[in-house]
>>> print(open('entry-v1.pdb').read())   # PDB, C-alpha atoms
ATOM      1  CA  MET E 185      96.001  61.002  41.768  1.00  0.00           C
ATOM      2  CA  TYR E 186      92.778  59.845  40.156  1.00  0.00           C
ATOM      3  CA  LEU E 187      90.830  61.934  37.650  1.00  0.00           C
ATOM      4  CA  LYS E 188      87.407  61.286  36.172  1.00  0.00           C
ATOM      5  CA  SER E 189      85.949  62.538  32.929  1.00  0.00           C
ATOM      6  CA  ALA E 190      82.607  62.256  31.165  1.00  0.00           C
ATOM      7  CA  TYR E 191      82.544  60.667  27.720  1.00  0.00           C
ATOM      8  CA  ASN E 192      79.444  61.122  25.569  1.00  0.00           C
ATOM      9  CA  SER E 193      78.963  57.843  23.723  1.00  0.00           C
ATOM     10  CA  PRO E 194      76.183  57.125  21.230  1.00  0.00           C
ATOM     11  CA  LEU E 195      74.738  54.806  23.909  1.00  0.00           C
ATOM     12  CA  GLY E 196      74.748  57.369  26.698  1.00  0.00           C
ATOM     13  CA  GLU E 197      77.170  59.120  28.977  1.00  0.00           C
ATOM     14  CA  MET E 198      80.112  57.177  30.291  1.00  0.00           C
ATOM     15  CA  VAL E 199      82.516  58.066  33.072  1.00  0.00           C
ATOM     16  CA  LEU E 200      86.211  57.330  32.604  1.00  0.00           C
ATOM     17  CA  LEU E 201      88.476  57.018  35.641  1.00  0.00           C
ATOM     18  CA  ALA E 202      92.253  57.037  35.469  1.00  0.00           C
ATOM     19  CA  HIS E 203      95.333  57.261  37.595  1.00  0.00           C
ATOM     20  CA  ASP E 204      98.325  59.152  36.197  1.00  0.00           C
ATOM     21  CA  LYS E 205      99.450  56.269  33.968  1.00  0.00           C
ATOM     22  CA  PHE E 206      96.512  53.872  33.637  1.00  0.00           C
ATOM     23  CA  LEU E 207      92.795  53.762  32.947  1.00  0.00           C
ATOM     24  CA  VAL E 208      91.123  51.989  35.877  1.00  0.00           C
ATOM     25  CA  GLY E 209      87.445  52.446  35.044  1.00  0.00           C
ATOM     26  CA  ALA E 210      84.911  53.055  32.277  1.00  0.00           C
ATOM     27  CA  TRP E 211      81.225  52.824  33.134  1.00  0.00           C
ATOM     28  CA  PHE E 212      77.924  53.956  31.704  1.00  0.00           C
ATOM     29  CA  SER E 213      76.410  56.490  34.078  1.00  0.00           C
ATOM     30  CA  GLY E 214      74.039  54.711  36.440  1.00  0.00           C
ATOM     31  CA  GLN E 215      74.941  51.182  35.376  1.00  0.00           C
ATOM     32  CA  ALA E 216      75.176  48.299  37.837  1.00  0.00           C
ATOM     33  CA  HIS E 217      78.443  48.367  39.810  1.00  0.00           C
ATOM     34  CA  PHE E 218      79.121  51.960  38.739  1.00  0.00           C
ATOM     35  CA  GLY E 219      82.356  53.228  40.218  1.00  0.00           C
ATOM     36  CA  ALA E 220      83.510  49.789  41.418  1.00  0.00           C
ATOM     37  CA  GLY E 221      83.867  50.970  45.000  1.00  0.00           C
ATOM     38  CA  TYR E 222      85.752  54.189  44.211  1.00  0.00           C
ATOM     39  CA  ASP E 223      84.496  57.309  45.984  1.00  0.00           C
ATOM     40  CA  MET E 224      83.520  58.947  42.704  1.00  0.00           C
ATOM     41  CA  ASP E 225      82.113  62.051  44.419  1.00  0.00           C
ATOM     42  CA  SER E 226      85.514  62.946  45.868  1.00  0.00           C
ATOM     43  CA  ILE E 227      87.479  62.475  42.621  1.00  0.00           C
ATOM     44  CA  GLU E 228      88.230  65.597  40.612  1.00  0.00           C
ATOM     45  CA  SER E 229      87.126  65.934  37.024  1.00  0.00           C
ATOM     46  CA  GLY E 230      89.861  66.392  34.458  1.00  0.00           C
ATOM     47  CA  VAL E 231      91.730  64.818  31.594  1.00  0.00           C
ATOM     48  CA  ASN E 232      95.061  63.044  31.651  1.00  0.00           C
ATOM     49  CA  SER E 233      96.855  60.865  29.112  1.00  0.00           C
ATOM     50  CA  PRO E 234      94.994  57.595  29.870  1.00  0.00           C
ATOM     51  CA  ILE E 235      91.622  59.362  29.698  1.00  0.00           C
ATOM     52  CA  ARG E 236      92.584  61.013  26.400  1.00  0.00           C
ATOM     53  CA  LEU E 237      93.696  57.647  24.976  1.00  0.00           C
ATOM     54  CA  ALA E 238      90.498  55.960  26.184  1.00  0.00           C
ATOM     55  CA  SER E 239      88.351  58.717  24.644  1.00  0.00           C
ATOM     56  CA  ASP E 240      90.201  58.360  21.326  1.00  0.00           C
ATOM     57  CA  TRP E 241      89.772  54.571  21.518  1.00  0.00           C
ATOM     58  CA  LEU E 242      86.036  54.895  22.155  1.00  0.00           C
ATOM     59  CA  ASP E 243      85.682  57.445  19.323  1.00  0.00           C
ATOM     60  CA  ALA E 244      87.321  54.974  16.929  1.00  0.00           C
ATOM     61  CA  TYR E 245      85.263  52.053  18.245  1.00  0.00           C
ATOM     62  CA  PHE E 246      81.934  53.859  17.904  1.00  0.00           C
ATOM     63  CA  SER E 247      82.969  54.952  14.400  1.00  0.00           C
ATOM     64  CA  GLY E 248      83.114  51.280  13.389  1.00  0.00           C
ATOM     65  CA  TYR E 249      86.852  50.704  13.674  1.00  0.00           C
ATOM     66  CA  GLU E 250      88.507  47.886  15.613  1.00  0.00           C
ATOM     67  CA  PRO E 251      90.996  49.677  17.882  1.00  0.00           C
ATOM     68  CA  ALA E 252      93.539  47.502  19.685  1.00  0.00           C
ATOM     69  CA  ILE E 253      92.932  47.091  23.396  1.00  0.00           C
ATOM     70  CA  SER E 254      96.665  47.630  23.876  1.00  0.00           C
ATOM     71  CA  ALA E 255      96.249  51.244  22.668  1.00  0.00           C
ATOM     72  CA  VAL E 256      94.965  52.181  26.139  1.00  0.00           C
ATOM     73  CA  PRO E 257      97.083  51.539  29.250  1.00  0.00           C
ATOM     74  CA  LEU E 258      94.725  49.550  31.484  1.00  0.00           C
ATOM     75  CA  TYR E 259      95.026  48.657  35.137  1.00  0.00           C
ATOM     76  CA  PRO E 260      91.771  47.240  36.448  1.00  0.00           C
ATOM     77  CA  GLU E 261      92.097  47.052  40.222  1.00  0.00           C
ATOM     78  CA  VAL E 262      90.475  43.657  40.795  1.00  0.00           C
ATOM     79  CA  THR E 263      91.099  40.375  42.605  1.00  0.00           C
ATOM     80  CA  GLU E 264      93.400  37.764  41.092  1.00  0.00           C
ATOM     81  CA  PHE E 265      90.457  35.657  39.894  1.00  0.00           C
ATOM     82  CA  ARG E 266      88.687  38.614  38.303  1.00  0.00           C
ATOM     83  CA  GLY E 267      91.981  39.544  36.681  1.00  0.00           C
ATOM     84  CA  LEU E 268      92.102  36.125  35.017  1.00  0.00           C
ATOM     85  CA  VAL E 269      88.558  36.594  33.743  1.00  0.00           C
ATOM     86  CA  LEU E 270      89.427  40.036  32.364  1.00  0.00           C
ATOM     87  CA  GLU E 271      92.506  38.566  30.691  1.00  0.00           C
ATOM     88  CA  VAL E 272      90.287  36.088  28.850  1.00  0.00           C
ATOM     89  CA  LEU E 273      87.849  38.871  27.926  1.00  0.00           C
ATOM     90  CA  THR E 274      90.646  40.873  26.298  1.00  0.00           C
ATOM     91  CA  SER E 275      91.401  37.892  24.054  1.00  0.00           C
ATOM     92  CA  ILE E 276      87.889  37.747  22.519  1.00  0.00           C
ATOM     93  CA  PRO E 277      88.195  39.000  18.935  1.00  0.00           C
ATOM     94  CA  TYR E 278      86.102  41.916  17.738  1.00  0.00           C
ATOM     95  CA  GLY E 279      82.765  40.723  16.389  1.00  0.00           C
ATOM     96  CA  GLN E 280      82.895  37.346  18.132  1.00  0.00           C
ATOM     97  CA  THR E 281      81.335  36.011  21.305  1.00  0.00           C
ATOM     98  CA  ILE E 282      82.268  33.523  24.002  1.00  0.00           C
ATOM     99  CA  THR E 283      80.236  31.701  26.645  1.00  0.00           C
ATOM    100  CA  TYR E 284      80.686  31.800  30.394  1.00  0.00           C
ATOM    101  CA  LYS E 285      81.544  28.090  30.281  1.00  0.00           C
ATOM    102  CA  GLU E 286      84.258  28.688  27.679  1.00  0.00           C
ATOM    103  CA  ILE E 287      85.750  31.373  29.905  1.00  0.00           C
ATOM    104  CA  SER E 288      85.617  28.979  32.846  1.00  0.00           C
ATOM    105  CA  ASP E 289      87.392  26.312  30.787  1.00  0.00           C
ATOM    106  CA  ARG E 290      90.126  28.741  29.718  1.00  0.00           C
ATOM    107  CA  ILE E 291      90.692  29.849  33.294  1.00  0.00           C
ATOM    108  CA  GLY E 292      90.941  26.204  34.286  1.00  0.00           C
ATOM    109  CA  GLU E 293      93.733  25.778  31.732  1.00  0.00           C
ATOM    110  CA  MET E 294      95.471  28.915  33.022  1.00  0.00           C
ATOM    111  CA  ARG E 295      95.264  27.575  36.586  1.00  0.00           C
ATOM    112  CA  GLY E 296      96.641  24.144  35.820  1.00  0.00           C
ATOM    113  CA  GLY E 297      93.325  22.359  35.535  1.00  0.00           C
ATOM    114  CA  ARG E 298      91.568  24.008  38.489  1.00  0.00           C
ATOM    115  CA  LYS E 299      88.179  24.842  37.046  1.00  0.00           C
ATOM    116  CA  SER E 300      86.008  27.732  38.101  1.00  0.00           C
ATOM    117  CA  ALA E 301      82.232  27.720  38.216  1.00  0.00           C
ATOM    118  CA  ALA E 302      80.524  29.525  35.355  1.00  0.00           C
ATOM    119  CA  ARG E 303      78.538  31.420  38.011  1.00  0.00           C
ATOM    120  CA  ALA E 304      81.765  32.822  39.535  1.00  0.00           C
ATOM    121  CA  VAL E 305      82.875  33.767  36.046  1.00  0.00           C
ATOM    122  CA  GLY E 306      79.537  35.525  35.526  1.00  0.00           C
ATOM    123  CA  GLY E 307      80.061  37.576  38.679  1.00  0.00           C
ATOM    124  CA  ALA E 308      83.532  38.598  37.543  1.00  0.00           C
ATOM    125  CA  VAL E 309      82.280  39.514  34.059  1.00  0.00           C
ATOM    126  CA  GLY E 310      79.474  41.586  35.575  1.00  0.00           C
ATOM    127  CA  HIS E 311      81.941  43.503  37.738  1.00  0.00           C
ATOM    128  CA  ASN E 312      84.283  44.374  34.846  1.00  0.00           C
ATOM    129  CA  PRO E 313      85.399  47.916  35.742  1.00  0.00           C
ATOM    130  CA  ILE E 314      86.461  48.880  32.194  1.00  0.00           C
ATOM    131  CA  SER E 315      83.373  48.476  30.061  1.00  0.00           C
ATOM    132  CA  ILE E 316      83.627  48.141  26.262  1.00  0.00           C
ATOM    133  CA  ILE E 317      87.440  48.380  26.114  1.00  0.00           C
ATOM    134  CA  ILE E 318      87.579  45.124  28.082  1.00  0.00           C
ATOM    135  CA  PRO E 319      84.743  43.564  26.066  1.00  0.00           C
ATOM    136  CA  CYS E 320      82.416  41.919  28.578  1.00  0.00           C
ATOM    137  CA  HIS E 321      79.549  42.604  26.158  1.00  0.00           C
ATOM    138  CA  ARG E 322      80.902  39.717  24.029  1.00  0.00           C
ATOM    139  CA  VAL E 323      79.946  37.105  26.653  1.00  0.00           C
ATOM    140  CA  VAL E 324      76.766  35.116  25.989  1.00  0.00           C
ATOM    141  CA  GLY E 325      74.899  32.233  27.565  1.00  0.00           C
ATOM    142  CA  ALA E 326      75.665  28.602  26.705  1.00  0.00           C
ATOM    143  CA  ASP E 327      72.895  28.593  24.089  1.00  0.00           C
ATOM    144  CA  GLY E 328      74.028  31.902  22.592  1.00  0.00           C
ATOM    145  CA  SER E 329      71.371  33.897  24.420  1.00  0.00           C
ATOM    146  CA  LEU E 330      72.113  37.386  25.624  1.00  0.00           C
ATOM    147  CA  THR E 331      72.229  37.325  29.373  1.00  0.00           C
ATOM    148  CA  GLY E 332      72.915  40.209  31.736  1.00  0.00           C
ATOM    149  CA  TYR E 333      75.117  43.185  31.034  1.00  0.00           C
ATOM    150  CA  ALA E 334      75.842  45.780  33.725  1.00  0.00           C
ATOM    151  CA  GLY E 335      75.299  48.571  31.197  1.00  0.00           C
ATOM    152  CA  GLY E 336      71.902  47.197  30.195  1.00  0.00           C
ATOM    153  CA  ILE E 337      70.843  44.548  27.688  1.00  0.00           C
ATOM    154  CA  ASP E 338      69.883  47.155  25.058  1.00  0.00           C
ATOM    155  CA  ARG E 339      73.439  48.481  25.104  1.00  0.00           C
ATOM    156  CA  LYS E 340      74.835  44.949  24.866  1.00  0.00           C
ATOM    157  CA  ILE E 341      72.722  44.329  21.768  1.00  0.00           C
ATOM    158  CA  ALA E 342      73.811  47.657  20.255  1.00  0.00           C
ATOM    159  CA  LEU E 343      77.506  46.897  20.887  1.00  0.00           C
ATOM    160  CA  LEU E 344      77.261  43.416  19.366  1.00  0.00           C
ATOM    161  CA  ASP E 345      75.335  44.822  16.396  1.00  0.00           C
ATOM    162  CA  LEU E 346      78.005  47.518  15.922  1.00  0.00           C
ATOM    163  CA  GLU E 347      80.605  44.761  15.728  1.00  0.00           C
ATOM    164  CA  GLY E 348      78.481  42.597  13.436  1.00  0.00           C
ATOM    165  CA  ALA E 349      78.516  39.784  16.001  1.00  0.00           C
ATOM    166  CA  LYS E 350      75.978  37.009  15.704  1.00  0.00           C
ATOM    167  CA  HIS E 351      73.904  36.696  18.834  1.00  0.00           C
ATOM    168  CA  GLY E 352      70.773  35.051  20.119  1.00  0.00           C
ATOM    169  CA  ASN E 353      67.794  36.439  21.936  1.00  0.00           C
ATOM    170  CA  ALA E 354      67.936  38.498  25.094  1.00  0.00           C
ATOM    171  CA  ILE E 355      66.669  36.907  28.292  1.00  0.00           C
TER     172      ILE E 355
END
>>> encode(input="entry-v1.pdb", output="C-alpha cells")
Amino acid sequence: MYLKSAYNSPLGEMVLLAHDKFLVGAWFSGQAHFGAGYDMDSIESGVNSPIRLASDWLDAYFSGYEPAISAVPLYPEVTEFRGLVLEVLTSIPYGQTITYKEISDRIGEMRGGRKSAARAVGGAVGHNPISIIIPCHRVVGADGSLTGYAGGIDRKIALLDLEGAKHGNAI
C-alpha cells in the first residue's frame, strides 16, 4: 500500500511517496513530472518507515549535513535505462557536479560500450522520481551552465549553493 506525506522544505512543500518498505517518490509540489504517473489523488496521506527516514534525511540535508543516500530505502519505479541514469546520479559526491555527457559515458561503460545520447540522459534526469535524495540537481551542461531542473532553476541553484558546489550561469 502506498502512502503520501507532505514535507515542508526550506525551498517549498514536497510530497513524499512510499510503499511499505521503500521510498518511490519525492517531488516539489507542482514541479514538472510531479507524481511520475501515480494517481496521487487516490493515495492516502500518512507516514510509514520510508517516509520517516526520508523526512529525517531531508532535515539533515537542509541543515547542512551530508546524509548518506543509503540511509533511505529507495525503489524508483523506472525503466531499465532510467535506472542506470539514477545509479550514476547516486554516485555523484555531495558538493560536486557532473555533465550529461559524463553520465552518458558512464552508462556506455556500464553497458559494455553501448553509448547513450546525452539528450536521452537529460530526459531520464528530468524524470527522476526521487528529487534531492537522488541528486539530479548536480547535473550541469557541458560548459558548466545550469540547465533545466524539474523543481525549477532557482531551487537547483539553492541546492548547489547549500552544498557549496561550483556552478555556472543558469540558462
>>> resolve_selection(input="entry-v1.pdb", expression="the PyMOL selection byres ((chain E and resi 309-314) around 9)", output="ChimeraX atom specification")
/E:200,207-211,216-220,258,260-262,266,269-270,273,284,304-308,315-321,323,332-334
>>> atom_distance(input="entry-v1.pdb", atom1="atom CA of E:Leu344", atom2="atom CA of E:Leu237")
22.5 Å
>>> residues_around(input="entry-v1.pdb", residues="stretch 225-234 of chain E", least_positions_apart="6", cutoff="7 Å", atoms="all atoms listed in the file", output="ChimeraX atom specification")
/E:186-189,202,204-207,256-257
>>> closest_residue(input="entry-v1.pdb", among="E:Ser239, E:Gln280, E:Gly296, E:Ala252", to="E:Asp345", atoms="only C-alpha atoms")
E:Gln280
>>> closest_residue(input="entry-v1.pdb", among="E:Ala244, E:Ile337, E:Val324, E:Ala301", to="E:Ala349", atoms="all atoms listed in the file")
E:Val324
>>> build_atoms(input="entry-v1.pdb", residues="stretch 245-276 of chain E", atoms="N, CA and C atoms", output="short mmCIF file (atom, residue, chain, number, x, y, z; two decimals), keeping the file's coordinate frame")
data_model
loop_
_atom_site.label_atom_id
_atom_site.label_comp_id
_atom_site.auth_asym_id
_atom_site.auth_seq_id
_atom_site.Cartn_x
_atom_site.Cartn_y
_atom_site.Cartn_z
N TYR E 245 86.15 53.20 18.11
CA TYR E 245 85.26 52.05 18.24
C TYR E 245 83.85 52.39 17.77
N PHE E 246 83.30 53.49 18.27
CA PHE E 246 81.93 53.86 17.90
C PHE E 246 81.83 54.34 16.46
N SER E 247 82.96 54.60 15.83
CA SER E 247 82.97 54.95 14.40
C SER E 247 83.08 53.71 13.52
N GLY E 248 83.09 52.53 14.14
CA GLY E 248 83.11 51.28 13.39
C GLY E 248 84.49 50.69 13.17
N TYR E 249 85.50 51.26 13.79
CA TYR E 249 86.85 50.70 13.67
C TYR E 249 87.07 49.66 14.76
N GLU E 250 88.16 48.92 14.65
CA GLU E 250 88.51 47.89 15.61
C GLU E 250 89.80 48.27 16.33
N PRO E 251 89.76 49.26 17.21
CA PRO E 251 91.00 49.68 17.88
C PRO E 251 91.56 48.57 18.77
N ALA E 252 92.87 48.51 18.85
CA ALA E 252 93.54 47.50 19.68
C ALA E 252 93.38 47.86 21.16
N ILE E 253 93.06 46.87 21.96
CA ILE E 253 92.93 47.09 23.40
C ILE E 253 94.24 47.63 23.96
N SER E 254 95.35 47.21 23.39
CA SER E 254 96.66 47.63 23.88
C SER E 254 96.93 49.12 23.66
N ALA E 255 96.07 49.81 22.91
CA ALA E 255 96.25 51.24 22.67
C ALA E 255 95.95 52.09 23.91
N VAL E 256 95.30 51.47 24.90
CA VAL E 256 94.96 52.18 26.14
C VAL E 256 95.66 51.46 27.29
N PRO E 257 96.44 52.19 28.09
CA PRO E 257 97.08 51.54 29.25
C PRO E 257 96.03 51.25 30.33
N LEU E 258 95.78 49.97 30.56
CA LEU E 258 94.72 49.55 31.48
C LEU E 258 95.31 48.97 32.76
N TYR E 259 94.66 49.26 33.87
CA TYR E 259 95.03 48.66 35.14
C TYR E 259 93.77 48.49 35.98
N PRO E 260 92.97 47.47 35.63
CA PRO E 260 91.77 47.24 36.45
C PRO E 260 92.19 46.74 37.83
N GLU E 261 91.73 47.41 38.86
CA GLU E 261 92.10 47.05 40.22
C GLU E 261 91.08 46.04 40.73
N VAL E 262 91.39 44.75 40.49
CA VAL E 262 90.48 43.66 40.80
C VAL E 262 91.23 42.53 41.49
N THR E 263 90.49 41.54 41.97
CA THR E 263 91.10 40.38 42.60
C THR E 263 91.85 39.55 41.54
N GLU E 264 92.64 38.62 42.01
CA GLU E 264 93.40 37.76 41.09
C GLU E 264 92.46 36.99 40.16
N PHE E 265 91.39 36.42 40.72
CA PHE E 265 90.46 35.66 39.89
C PHE E 265 89.80 36.55 38.84
N ARG E 266 89.31 37.70 39.27
CA ARG E 266 88.69 38.61 38.30
C ARG E 266 89.70 39.06 37.25
N GLY E 267 90.94 39.19 37.64
CA GLY E 267 91.98 39.54 36.68
C GLY E 267 92.14 38.48 35.60
N LEU E 268 92.04 37.21 36.00
CA LEU E 268 92.10 36.12 35.02
C LEU E 268 90.92 36.19 34.05
N VAL E 269 89.74 36.47 34.60
CA VAL E 269 88.56 36.59 33.74
C VAL E 269 88.75 37.75 32.76
N LEU E 270 89.22 38.88 33.24
CA LEU E 270 89.43 40.04 32.36
C LEU E 270 90.48 39.74 31.30
N GLU E 271 91.48 38.97 31.66
CA GLU E 271 92.51 38.57 30.69
C GLU E 271 91.88 37.77 29.55
N VAL E 272 90.98 36.85 29.88
CA VAL E 272 90.29 36.09 28.85
C VAL E 272 89.41 37.02 28.01
N LEU E 273 88.71 37.95 28.66
CA LEU E 273 87.85 38.87 27.93
C LEU E 273 88.64 39.66 26.89
N THR E 274 89.85 40.08 27.24
CA THR E 274 90.65 40.87 26.30
C THR E 274 91.10 40.06 25.10
N SER E 275 90.98 38.74 25.18
CA SER E 275 91.40 37.89 24.05
C SER E 275 90.26 37.59 23.08
N ILE E 276 89.03 38.03 23.40
CA ILE E 276 87.89 37.75 22.52
C ILE E 276 87.98 38.68 21.32
#
